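Chemist: Just so it is clear, I am handing over query-v5.cif, which has mmCIF, C-alpha atoms and all ligand atoms.
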data_structure
#
loop_
_atom_site.label_atom_id
_atom_site.label_comp_id
_atom_site.auth_asym_id
_atom_site.auth_seq_id
_atom_site.Cartn_x
_atom_site.Cartn_y
_atom_site.Cartn_z
CA MET O 134 9.45 1.24 -42.59
CA LYS O 135 8.92 -2.11 -44.32
CA GLN O 136 11.42 -1.17 -47.02
CA GLU O 137 13.90 0.01 -44.41
CA ILE O 138 13.64 -3.28 -42.50
CA ASP O 139 14.14 -5.24 -45.72
CA ASP O 140 17.23 -3.16 -46.43
CA LEU O 141 18.66 -3.72 -42.95
CA VAL O 142 18.17 -7.48 -43.25
CA GLY O 143 19.82 -7.31 -46.67
CA LEU O 144 22.83 -5.57 -45.11
CA LEU O 145 23.21 -8.34 -42.53
CA ASP O 146 22.79 -11.05 -45.14
CA GLY O 147 25.37 -9.40 -47.40
CA ALA O 148 27.83 -8.97 -44.53
CA ALA O 149 27.63 -12.67 -43.69
CA SER O 150 27.84 -13.77 -47.34
CA ASN O 151 30.81 -11.52 -48.16
CA ALA O 152 32.60 -11.77 -44.78
CA THR O 153 32.61 -7.99 -44.49
CA SER O 154 31.61 -6.18 -41.32
CA ILE O 155 28.99 -3.43 -41.16
CA GLU O 156 28.16 -0.62 -38.73
CA GLN O 157 25.76 -1.44 -35.92
CA LEU O 158 22.25 -1.12 -37.33
CA SER O 159 21.09 0.57 -34.11
CA ALA O 160 23.52 3.43 -34.76
CA THR O 161 21.34 4.73 -37.57
CA SER O 162 17.97 2.94 -37.28
CA LYS O 163 15.56 2.64 -34.39
CA PHE O 164 14.01 -0.77 -33.90
CA GLY O 165 12.96 -2.71 -30.82
CA LEU O 166 13.56 -6.25 -29.65
CA ALA O 167 10.41 -7.73 -31.21
CA GLN O 168 11.37 -6.13 -34.52
CA ALA O 169 14.91 -7.54 -34.13
CA TYR O 170 13.54 -11.08 -33.75
CA ALA O 171 11.34 -10.51 -36.81
CA MET O 172 14.45 -9.39 -38.72
CA GLN O 173 16.31 -12.50 -37.57
CA LYS O 174 13.52 -14.64 -39.00
CA MET O 175 13.65 -12.74 -42.31
CA LEU O 176 17.42 -13.21 -42.39
CA ILE O 177 17.20 -16.96 -41.86
CA ASP O 178 14.28 -17.25 -44.29
CA LYS O 179 16.62 -15.90 -46.96
CA ARG O 180 19.08 -18.68 -46.18
CA LEU O 181 16.32 -21.30 -46.21
CA ALA O 182 15.13 -19.96 -49.58
CA ARG O 183 18.67 -20.57 -50.86
CA GLY O 184 18.39 -24.22 -49.87
CA GLU O 185 19.70 -24.32 -46.31
CA GLU O 186 17.71 -26.26 -43.75
CA LEU O 187 16.91 -25.40 -40.17
CA SER O 188 19.01 -27.62 -37.90
CA GLY O 189 18.19 -26.28 -34.45
CA LEU O 190 18.24 -23.38 -32.06
CA LYS O 191 20.93 -21.74 -29.95
CA LEU O 192 20.79 -19.82 -26.74
CA GLY O 193 23.13 -16.96 -25.98
CA PHE O 194 24.11 -15.02 -22.88
CA THR O 195 23.11 -17.88 -20.61
CA SER O 196 26.28 -17.38 -18.54
CA LYS O 197 27.57 -14.35 -16.63
CA ALA O 198 30.96 -14.83 -18.27
CA LYS O 199 29.47 -14.22 -21.73
CA MET O 200 27.27 -11.34 -20.60
CA GLN O 201 30.23 -9.58 -19.08
CA GLN O 202 32.45 -10.16 -22.09
CA MET O 203 29.92 -8.68 -24.53
CA GLY O 204 28.14 -6.16 -22.30
CA VAL O 205 24.69 -7.61 -23.08
CA HIS O 206 22.80 -8.87 -20.05
CA GLU O 207 19.73 -10.54 -21.50
CA LEU O 208 19.28 -14.08 -22.73
CA ILE O 209 18.99 -14.24 -26.53
CA TRP O 210 18.30 -17.02 -29.01
CA GLY O 211 18.99 -17.70 -32.65
CA ARG O 212 18.47 -20.24 -35.39
CA LEU O 213 20.94 -22.86 -36.62
CA THR O 214 21.10 -24.23 -40.16
CA ASN O 215 22.81 -27.22 -41.73
CA ALA O 216 25.23 -24.89 -43.53
CA MET O 217 26.74 -24.03 -40.13
CA VAL O 218 27.71 -27.62 -39.35
CA VAL O 219 31.39 -28.58 -39.32
CA VAL O 220 32.12 -32.25 -38.62
CA ASN O 221 34.09 -33.15 -35.52
CA ASN O 222 37.84 -32.96 -36.26
CA GLY O 223 36.88 -31.06 -39.39
CA GLU O 224 38.16 -27.83 -40.90
CA LEU O 225 36.76 -24.35 -41.09
CA ASP O 226 37.51 -22.12 -44.07
CA PHE O 227 38.73 -19.02 -42.20
CA SER O 228 38.33 -16.78 -45.25
CA LYS O 229 34.53 -17.13 -45.04
CA TYR O 230 34.43 -15.28 -41.69
CA ILE O 231 35.05 -11.75 -40.52
CA HIS O 232 36.59 -12.12 -37.05
CA PRO O 233 35.51 -15.52 -35.76
CA ARG O 234 35.61 -16.52 -32.14
CA ALA O 235 35.29 -19.98 -30.59
CA GLU O 236 33.40 -20.88 -27.44
CA PRO O 237 32.69 -24.10 -25.56
CA GLU O 238 29.09 -25.33 -25.61
CA ILE O 239 26.87 -28.19 -24.50
CA ALA O 240 24.46 -29.55 -27.13
CA PHE O 241 21.20 -31.47 -26.83
CA ARG O 242 19.72 -33.56 -29.65
CA LEU O 243 15.92 -33.65 -29.77
CA SER O 244 14.18 -37.03 -29.68
CA LYS O 245 10.89 -35.85 -31.19
CA ASP O 246 9.22 -32.99 -32.98
CA LEU O 247 8.45 -29.97 -30.80
CA ALA O 248 4.73 -30.43 -31.38
CA ASP O 249 4.88 -33.87 -29.72
CA MET O 250 6.92 -32.84 -26.68
CA ASN O 251 5.96 -32.67 -23.06
CA ILE O 252 8.41 -30.06 -21.81
CA SER O 253 7.81 -31.00 -18.19
CA LYS O 254 9.75 -34.23 -18.98
CA PRO O 255 13.01 -32.91 -20.47
CA LEU O 256 14.73 -36.32 -20.50
CA GLU O 257 12.07 -37.62 -22.87
CA CYS O 258 12.65 -34.68 -25.22
CA ILE O 259 16.28 -35.56 -26.00
CA SER O 260 18.10 -38.49 -27.56
CA GLY O 261 21.61 -37.37 -26.69
CA VAL O 262 23.94 -34.80 -25.17
CA ALA O 263 27.33 -33.73 -26.49
CA VAL O 264 30.16 -31.30 -25.99
CA ALA O 265 30.34 -28.74 -28.80
CA ILE O 266 32.26 -25.78 -30.17
CA GLU O 267 30.35 -22.78 -31.42
CA ILE O 268 31.98 -20.35 -33.83
CA ILE O 269 30.45 -16.91 -33.55
CA ASP O 270 31.23 -14.14 -36.02
CA SER O 271 29.39 -10.90 -35.42
CA ARG O 272 28.65 -9.14 -38.65
CA TYR O 273 29.25 -5.84 -36.82
CA LYS O 274 32.50 -3.88 -36.81
CA ASN O 275 34.80 -4.68 -33.89
CA PHE O 276 32.41 -7.42 -32.71
CA LYS O 277 30.42 -4.70 -30.90
CA PHE O 278 26.63 -4.51 -30.72
CA LYS O 279 23.58 -3.68 -28.68
CA LEU O 280 20.95 -6.25 -27.77
CA GLU O 281 18.71 -5.54 -30.80
CA ASP O 282 21.70 -5.60 -33.16
CA VAL O 283 22.92 -9.01 -32.10
CA VAL O 284 19.42 -10.51 -32.13
CA ALA O 285 18.81 -9.27 -35.70
CA ASP O 286 22.22 -10.73 -36.64
CA ASN O 287 21.00 -14.20 -35.56
CA CYS O 288 23.06 -13.93 -32.39
CA SER O 289 26.39 -13.95 -34.24
CA SER O 290 25.85 -17.60 -35.27
CA ALA O 291 28.39 -18.78 -37.80
CA ALA O 292 29.28 -22.46 -37.34
CA TYR O 293 29.19 -25.31 -34.84
CA VAL O 294 30.89 -28.62 -34.27
CA LEU O 295 29.34 -31.45 -32.26
CA GLY O 296 31.26 -34.07 -30.31
CA GLU O 297 30.12 -37.67 -30.04
CA TRP O 298 26.55 -38.05 -28.79
CA LYS O 299 26.27 -39.52 -25.29
CA GLU O 300 23.23 -41.12 -23.69
CA PRO O 301 20.48 -38.63 -22.78
CA GLU O 302 20.80 -39.62 -19.11
CA THR O 303 24.43 -38.43 -19.03
CA SER O 304 24.64 -35.70 -16.42
CA VAL O 305 25.47 -32.27 -17.77
CA GLN O 306 25.66 -30.71 -14.32
CA ASN O 307 28.84 -29.49 -12.70
CA LEU O 308 31.12 -30.60 -15.54
CA ALA O 309 34.60 -29.12 -15.84
CA ILE O 310 35.09 -27.63 -19.32
CA THR O 311 38.36 -26.58 -20.93
CA MET O 312 39.09 -24.98 -24.26
CA LYS O 313 42.51 -25.22 -25.89
CA GLN O 314 43.81 -23.11 -28.74
CA ASN O 315 46.71 -25.04 -30.27
CA ASN O 316 48.74 -26.09 -27.23
CA ASP O 317 47.43 -23.53 -24.75
CA VAL O 318 44.48 -23.80 -22.42
CA VAL O 319 42.63 -20.54 -23.14
CA GLN O 320 39.44 -21.00 -21.12
CA MET O 321 38.36 -23.12 -18.18
CA GLY O 322 34.83 -23.22 -16.84
CA ASN O 323 32.01 -25.30 -15.47
CA SER O 324 28.74 -26.32 -17.11
CA ASP O 325 26.77 -24.93 -14.18
CA ALA O 326 27.74 -21.44 -15.36
CA ILE O 327 24.98 -22.04 -17.95
CA LEU O 328 21.80 -20.93 -16.13
CA GLY O 329 22.87 -22.99 -13.10
CA ASN O 330 22.34 -26.18 -15.14
CA PRO O 331 22.42 -26.56 -18.96
CA VAL O 332 19.09 -28.42 -18.81
CA GLU O 333 17.51 -25.05 -17.93
CA SER O 334 18.85 -23.78 -21.22
CA LEU O 335 17.29 -26.72 -23.07
CA LEU O 336 13.92 -25.98 -21.46
CA THR O 337 14.19 -22.27 -22.19
CA GLY O 338 15.01 -23.06 -25.81
CA LEU O 339 12.02 -25.37 -26.15
CA ARG O 340 9.69 -22.79 -24.59
CA LEU O 341 10.97 -20.06 -26.90
CA ALA O 342 10.62 -22.32 -29.91
CA LYS O 343 6.98 -22.91 -28.98
CA GLU O 344 6.33 -19.22 -28.40
CA TYR O 345 7.94 -18.14 -31.68
CA ARG O 346 6.77 -21.19 -33.65
CA VAL O 347 10.24 -22.36 -34.61
CA PRO O 348 9.52 -25.75 -36.22
CA LEU O 349 12.00 -27.88 -34.28
CA LYS O 350 12.03 -31.49 -35.35
CA ASN O 351 13.30 -34.83 -34.12
CA GLY O 352 17.10 -34.91 -34.51
CA MET O 353 17.61 -31.15 -34.37
CA VAL O 354 20.01 -29.56 -31.92
CA ILE O 355 19.85 -27.03 -29.10
CA LEU O 356 23.07 -25.26 -28.13
CA ALA O 357 22.86 -24.22 -24.48
CA GLY O 358 25.17 -21.19 -24.61
CA ALA O 359 28.82 -20.81 -23.73
CA ALA O 360 30.02 -21.37 -20.19
CA THR O 361 33.11 -19.17 -20.67
CA PRO O 362 34.03 -16.09 -22.69
CA ALA O 363 34.72 -16.69 -26.39
CA VAL O 364 38.24 -16.44 -27.84
CA TYR O 365 39.47 -15.06 -31.13
CA PHE O 366 41.48 -17.48 -33.19
CA GLU O 367 43.65 -17.23 -36.27
CA GLN O 368 43.79 -19.03 -39.59
CA GLY O 369 45.55 -22.36 -39.02
CA ASP O 370 44.61 -22.61 -35.34
CA ARG O 371 43.21 -25.74 -33.77
CA ILE O 372 40.50 -25.48 -31.10
CA VAL O 373 39.82 -28.39 -28.75
CA VAL O 374 37.04 -28.36 -26.15
CA THR O 375 36.84 -31.04 -23.48
CA ALA O 376 34.00 -31.55 -21.02
CA GLU O 377 34.00 -34.02 -18.17
CA ASN O 378 31.64 -36.98 -18.99
CA LEU O 379 31.21 -35.82 -22.59
CA GLY O 380 34.66 -36.19 -24.13
CA GLN O 381 36.24 -33.93 -26.68
CA VAL O 382 35.42 -32.00 -29.82
CA GLN O 383 37.91 -30.45 -32.20
CA LEU O 384 38.14 -28.04 -35.10
CA SER O 385 40.99 -26.76 -37.25
CA SER O 386 40.93 -23.78 -39.54
CA TYR O 387 42.65 -23.23 -42.85
C1 LIG M 1 26.45 -13.42 -29.18
C2 LIG M 1 26.23 -14.90 -29.10
C3 LIG M 1 26.26 -15.42 -27.69
C4 LIG M 1 26.57 -17.53 -26.29
O1 LIG M 1 26.86 -18.74 -26.29
O2 LIG M 1 26.47 -16.87 -25.27
C5 LIG M 1 26.41 -16.89 -27.62
C6 LIG M 1 27.91 -13.04 -29.16
O3 LIG M 1 28.57 -13.22 -28.14
O4 LIG M 1 28.39 -12.53 -30.18
O5 LIG M 1 26.43 -17.60 -28.60
MG MG M 2 27.24 -19.59 -28.18
#
Can you dump the structure from the file as structure tokens?
Modeler:
Amino acid sequence: MKQEIDDLVGLLDGAASNATSIEQLSATSKFGLAQAYAMQKMLIDKRLARGEELSGLKLGFTSKAKMQQMGVHELIWGRLTNAMVVVNNGELDFSKYIHPRAEPEIAFRLSKDLADMNISKPLECISGVAVAIEIIDSRYKNFKFKLEDVVADNCSSAAYVLGEWKEPETSVQNLAITMKQNNDVVQMGNSDAILGNPVESLLTGLRLAKEYRVPLKNGMVILAGAATPAVYFEQGDRIVVTAENLGQVQLSSY
């Protein structure tokens, strides 16, 4: 079993490194959700051993729109690393991904280490809020997976871009969000699609980090989950996400 799990994690790691999709692991191996989270940790530990650094945590399937698009109806979470960061207005090397999709996100920046936080006072736990773009790139063929598959695959995490940080007091409730692909508006949504209020996502992320001992530190980021379905984009495309109160964030691909 241990060898099999190591091999499955190796398959996911190889798929991400070589930008080559693989069959769903659940098609041929039986493993549960707890095992999937353990595999996710093993997968990220490989990246950390290669010199990447943990940069935060992301939530997934925090909106009905995303659940419906992907057919998974449970909240999931994954780990972010510094290798996933693309600067605002920066460029993404399309050849490094399998079939990337973009989605609009809200990001929180932590103001202290998790160990020093009082989660009942969320405003004190953050030093900023920002609009963000997340690039997801399932390592599975046709971007199709079951819950355990996507969790083991670190929730399809591939890259993220953060807009300018705004004051922590900036309201993230009931914000209109739009995503443009080149000159077309491809998604419109509202921040309240994220668990009724993105702050709920922040709190959920902090609770999960405590439960699973994810060593979140001052300055790290929590991505709240997309408010709208994700969109495929092509090499050369430009993605722009705008959120009321938070401004704009942009990414091009080459
Ligand atoms: C899983 C990741 C979901 C979100 O914001 O809901 C996610 C996927 O859709 O491939 O990042
Ligand atoms: Mg996301």
Chemist: Of the candidates O:Thr337, O:Gln320, O:Gln168, O:Gln173, which one gets nearest to Gly358 of chain O if we count all atoms listed in the file?
Modeler: O:Thr337
Chemist: Please provide the set of residues having any atom within 9 Å of Gln157 of chain O, restricted to only C-alpha atoms, with same-chain residues fewer than 6 positions apart removed, written as a ChimeraX atom specification.
Modeler: /O:272-274,277-279,282-283
Chemist: Please check which protein, DNA or RNA residues sit within 6 Å of ligand LIG 1 (chain M), counting all atoms listed in the file, and write them as a ChimeraX atom specification.
Modeler: /O:193-195,199,203,269,271,288-289,358-359
Chemist: When distances are computed from all atoms listed in the file, which of O:Ser154, O:Asn287, O:Thr214, O:Asn221 shows the smallest separation from ligand MG 2 (chain M)?
Modeler: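 Closest to ligand MG 2 (chain M), using all atoms listed in the file: O:Asn287.
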Chemist: Would you mind listing the residues within 12 Å of ligand MG 2 (chain M), counting only C-alpha atoms and all ligand atoms, as JSON, numbers by chain?
Modeler: {"O": [190, 191, 192, 193, 194, 195, 196, 198, 199, 200, 203, 208, 209, 210, 211, 212, 213, 233, 234, 235, 236, 237, 238, 239, 240, 265, 266, 267, 268, 269, 270, 271, 287, 288, 289, 290, 291, 292, 293, 294, 327, 334, 355, 356, 357, 358, 359, 360, 361, 362, 363, 364]}
Chemist: Determine, for each residue of segment 181-224 of chain O having at least one atom at most 9 Å from an atom of segment 373-383 of chain O, the closest pair of atoms and their separation in Å to one decimal, counting all atoms listed in the file; order by chain and ascending number, as a tab-separated table.
Modeler:
residue	atom	partner	partner_atom	distance
O:Val220	CA	O:Gln383	CA	8.8
O:Asn221	CA	O:Gln383	CA	5.7
O:Asn222	CA	O:Gln383	CA	4.8
O:Gly223	CA	O:Gln383	CA	7.3
Chemist: Given the choices O:Ser260, O:Thr161, O:Ser228, O:Ser188, which gets closest to Glu367 of chain O if the distance is worked out from all atoms listed in the file?
Modeler: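 Counting all atoms listed in the file, the residue closest to Glu367 of chain O is O:Ser228.
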Chemist: Closest to Ser244 of chain O among O:Ala167, O:Arg180, O:Val264, O:Pro301, using all atoms listed in the file?
Modeler: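 Ranked by minimum distance to Ser244 of chain O, first place goes to O:Pro301.
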Chemist: Box for segment 322-331 of chain O - axis-aligned, 4 Å on each of the six sides, all listed atoms - centre and size in Å to one decimal, as JSON.
Modeler:
{"center_x": 28.3, "center_y": -23.7, "center_z": -16.0, "size_x": 21.0, "size_y": 13.6, "size_z": 13.9}
Chemist: Would you mind telling me which residue in O:Ile252, O:Leu141, O:Val305, O:Ile259 lies nearest to Ala171 of chain O when using only C-alpha atoms?
Modeler: O:Leu141
Chemist: Using all atoms listed in the file, which residue out of O:Ala342, O:Glu302, O:Asp146, O:Ala309 lies closest to Arg183 of chain O?
Modeler: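 Answer, going by the shortest atom-to-atom distance: O:Asp146.
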Chemist: Record the distance separating atom CA of Leu145 of chain O and atom CA of Tyr230 of chain O, expressed in Å with one decimal.
Modeler: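 We find that atom CA of Leu145 of chain O and atom CA of Tyr230 of chain O lie 13.2 Å from each other.
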Chemist: Quote the spacing between atom CA of Gln136 of chain O and atom CA of Thr153 of chain O in Å to one decimal place.
Modeler: 22.4 Å
Chemist: Identify, on the basis of all atoms listed in the file, every residue whose closest approach to Leu166 of chain O does not exceed 8 Å; exclude the query and any residue fewer than 2 positions from it along the same chain; express the result as JSON, numbers by chain.
Modeler: {"O": [164, 168, 169, 170, 280, 281, 284]}
Chemist: Report, in Å with one decimal, the straight-line distance from atom CA of Val318 of chain O to atom CA of Asn275 of chain O.
Modeler: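 So the answer is 24.3 Å.
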Chemist: Show me the residues around (8.6, -21.7, -26.9) - criterion: an atom at most 12 Å away, only C-alpha atoms counted - as a ChimeraX atom specification.
Modeler: /O:190,210,247-248,250-252,334-349
Chemist: Around the point (45.2, -14.3, -36.3) (coordinates from the file), which residues reach within 12 Å if we count all atoms listed in the file? Answer as a VMD selection string.
Modeler: chain O and resid 227 to 228 231 to 234 314 364 to 371 386 to 387
Chemist: Please complete segment 182-217 of chain O with N, CA and C atoms and give it back as an mmCIF file, keeping the file's coordinate frame.
Modeler:
data_model
loop_
_atom_site.group_PDB
_atom_site.id
_atom_site.type_symbol
_atom_site.label_atom_id
_atom_site.label_comp_id
_atom_site.auth_asym_id
_atom_site.auth_seq_id
_atom_site.Cartn_x
_atom_site.Cartn_y
_atom_site.Cartn_z
ATOM 1 N N ALA O 182 15.550 -20.079 -48.170
ATOM 2 C CA ALA O 182 15.130 -19.960 -49.580
ATOM 3 C C ALA O 182 16.269 -20.320 -50.520
ATOM 4 N N ARG O 183 17.511 -20.191 -50.029
ATOM 5 C CA ARG O 183 18.670 -20.570 -50.860
ATOM 6 C C ARG O 183 19.017 -22.049 -50.703
ATOM 7 N N GLY O 184 18.195 -22.769 -49.949
ATOM 8 C CA GLY O 184 18.390 -24.220 -49.870
ATOM 9 C C GLY O 184 18.921 -24.742 -48.555
ATOM 10 N N GLU O 185 19.255 -23.825 -47.612
ATOM 11 C CA GLU O 185 19.700 -24.320 -46.310
ATOM 12 C C GLU O 185 18.494 -24.866 -45.543
ATOM 13 N N GLU O 186 18.782 -25.702 -44.557
ATOM 14 C CA GLU O 186 17.710 -26.260 -43.750
ATOM 15 C C GLU O 186 17.926 -25.931 -42.284
ATOM 16 N N LEU O 187 16.832 -25.651 -41.606
ATOM 17 C CA LEU O 187 16.910 -25.400 -40.170
ATOM 18 C C LEU O 187 17.481 -26.645 -39.487
ATOM 19 N N SER O 188 18.454 -26.456 -38.583
ATOM 20 C CA SER O 188 19.010 -27.620 -37.900
ATOM 21 C C SER O 188 18.896 -27.507 -36.385
ATOM 22 N N GLY O 189 18.355 -26.395 -35.895
ATOM 23 C CA GLY O 189 18.190 -26.280 -34.450
ATOM 24 C C GLY O 189 18.132 -24.845 -33.993
ATOM 25 N N LEU O 190 18.367 -24.687 -32.707
ATOM 26 C CA LEU O 190 18.240 -23.380 -32.060
ATOM 27 C C LEU O 190 19.389 -23.220 -31.074
ATOM 28 N N LYS O 191 19.865 -22.000 -30.927
ATOM 29 C CA LYS O 191 20.930 -21.740 -29.950
ATOM 30 C C LYS O 191 20.498 -20.680 -28.962
ATOM 31 N N LEU O 192 20.994 -20.842 -27.757
ATOM 32 C CA LEU O 192 20.790 -19.820 -26.740
ATOM 33 C C LEU O 192 22.079 -19.034 -26.592
ATOM 34 N N GLY O 193 21.943 -17.766 -26.245
ATOM 35 C CA GLY O 193 23.130 -16.960 -25.980
ATOM 36 C C GLY O 193 22.965 -16.186 -24.685
ATOM 37 N N PHE O 194 24.079 -15.770 -24.144
ATOM 38 C CA PHE O 194 24.110 -15.020 -22.880
ATOM 39 C C PHE O 194 23.362 -15.769 -21.782
ATOM 40 N N THR O 195 23.657 -17.061 -21.695
ATOM 41 C CA THR O 195 23.110 -17.880 -20.610
ATOM 42 C C THR O 195 24.124 -17.985 -19.469
ATOM 43 N N SER O 196 25.302 -17.394 -19.635
ATOM 44 C CA SER O 196 26.280 -17.380 -18.540
ATOM 45 C C SER O 196 26.720 -15.937 -18.262
ATOM 46 N N LYS O 197 27.082 -15.696 -17.012
ATOM 47 C CA LYS O 197 27.570 -14.350 -16.630
ATOM 48 C C LYS O 197 28.847 -14.012 -17.385
ATOM 49 N N ALA O 198 29.678 -15.052 -17.596
ATOM 50 C CA ALA O 198 30.960 -14.830 -18.270
ATOM 51 C C ALA O 198 30.741 -14.211 -19.652
ATOM 52 N N LYS O 199 29.753 -14.745 -20.388
ATOM 53 C CA LYS O 199 29.470 -14.220 -21.730
ATOM 54 C C LYS O 199 28.839 -12.830 -21.666
ATOM 55 N N MET O 200 27.919 -12.649 -20.728
ATOM 56 C CA MET O 200 27.270 -11.340 -20.600
ATOM 57 C C MET O 200 28.306 -10.267 -20.335
ATOM 58 N N GLN O 201 29.218 -10.581 -19.422
ATOM 59 C CA GLN O 201 30.230 -9.580 -19.080
ATOM 60 C C GLN O 201 31.147 -9.310 -20.253
ATOM 61 N N GLN O 202 31.525 -10.365 -20.966
ATOM 62 C CA GLN O 202 32.450 -10.160 -22.090
ATOM 63 C C GLN O 202 31.839 -9.246 -23.141
ATOM 64 N N MET O 203 30.545 -9.409 -23.415
ATOM 65 C CA MET O 203 29.920 -8.680 -24.530
ATOM 66 C C MET O 203 29.102 -7.473 -24.091
ATOM 67 N N GLY O 204 28.889 -7.323 -22.786
ATOM 68 C CA GLY O 204 28.140 -6.160 -22.300
ATOM 69 C C GLY O 204 26.653 -6.229 -22.616
ATOM 70 N N VAL O 205 26.137 -7.416 -22.866
ATOM 71 C CA VAL O 205 24.690 -7.610 -23.080
ATOM 72 C C VAL O 205 24.218 -8.539 -21.960
ATOM 73 N N HIS O 206 23.165 -8.150 -21.278
ATOM 74 C CA HIS O 206 22.800 -8.870 -20.050
ATOM 75 C C HIS O 206 21.438 -9.538 -20.126
ATOM 76 N N GLU O 207 21.006 -9.860 -21.332
ATOM 77 C CA GLU O 207 19.730 -10.540 -21.500
ATOM 78 C C GLU O 207 19.917 -11.788 -22.323
ATOM 79 N N LEU O 208 19.217 -12.849 -21.956
ATOM 80 C CA LEU O 208 19.280 -14.080 -22.730
ATOM 81 C C LEU O 208 18.743 -13.822 -24.152
ATOM 82 N N ILE O 209 19.419 -14.387 -25.133
ATOM 83 C CA ILE O 209 18.990 -14.240 -26.530
ATOM 84 C C ILE O 209 18.930 -15.625 -27.162
ATOM 85 N N TRP O 210 18.313 -15.718 -28.309
ATOM 86 C CA TRP O 210 18.300 -17.020 -29.010
ATOM 87 C C TRP O 210 18.336 -16.789 -30.513
ATOM 88 N N GLY O 211 18.875 -17.801 -31.203
ATOM 89 C CA GLY O 211 18.990 -17.700 -32.650
ATOM 90 C C GLY O 211 18.727 -19.043 -33.306
ATOM 91 N N ARG O 212 18.775 -19.037 -34.617
ATOM 92 C CA ARG O 212 18.470 -20.240 -35.390
ATOM 93 C C ARG O 212 19.746 -20.839 -35.981
ATOM 94 N N LEU O 213 19.806 -22.159 -36.012
ATOM 95 C CA LEU O 213 20.940 -22.860 -36.620
ATOM 96 C C LEU O 213 20.496 -23.468 -37.938
ATOM 97 N N THR O 214 21.415 -23.530 -38.900
ATOM 98 C CA THR O 214 21.100 -24.230 -40.160
ATOM 99 C C THR O 214 22.200 -25.243 -40.471
ATOM 100 N N ASN O 215 21.867 -26.147 -41.377
ATOM 101 C CA ASN O 215 22.810 -27.220 -41.730
ATOM 102 C C ASN O 215 24.092 -26.672 -42.357
ATOM 103 N N ALA O 216 24.025 -25.460 -42.931
ATOM 104 C CA ALA O 216 25.230 -24.890 -43.530
ATOM 105 C C ALA O 216 26.254 -24.477 -42.464
ATOM 106 N N MET O 217 25.829 -24.433 -41.210
ATOM 107 C CA MET O 217 26.740 -24.030 -40.130
ATOM 108 C C MET O 217 27.482 -25.224 -39.525
#
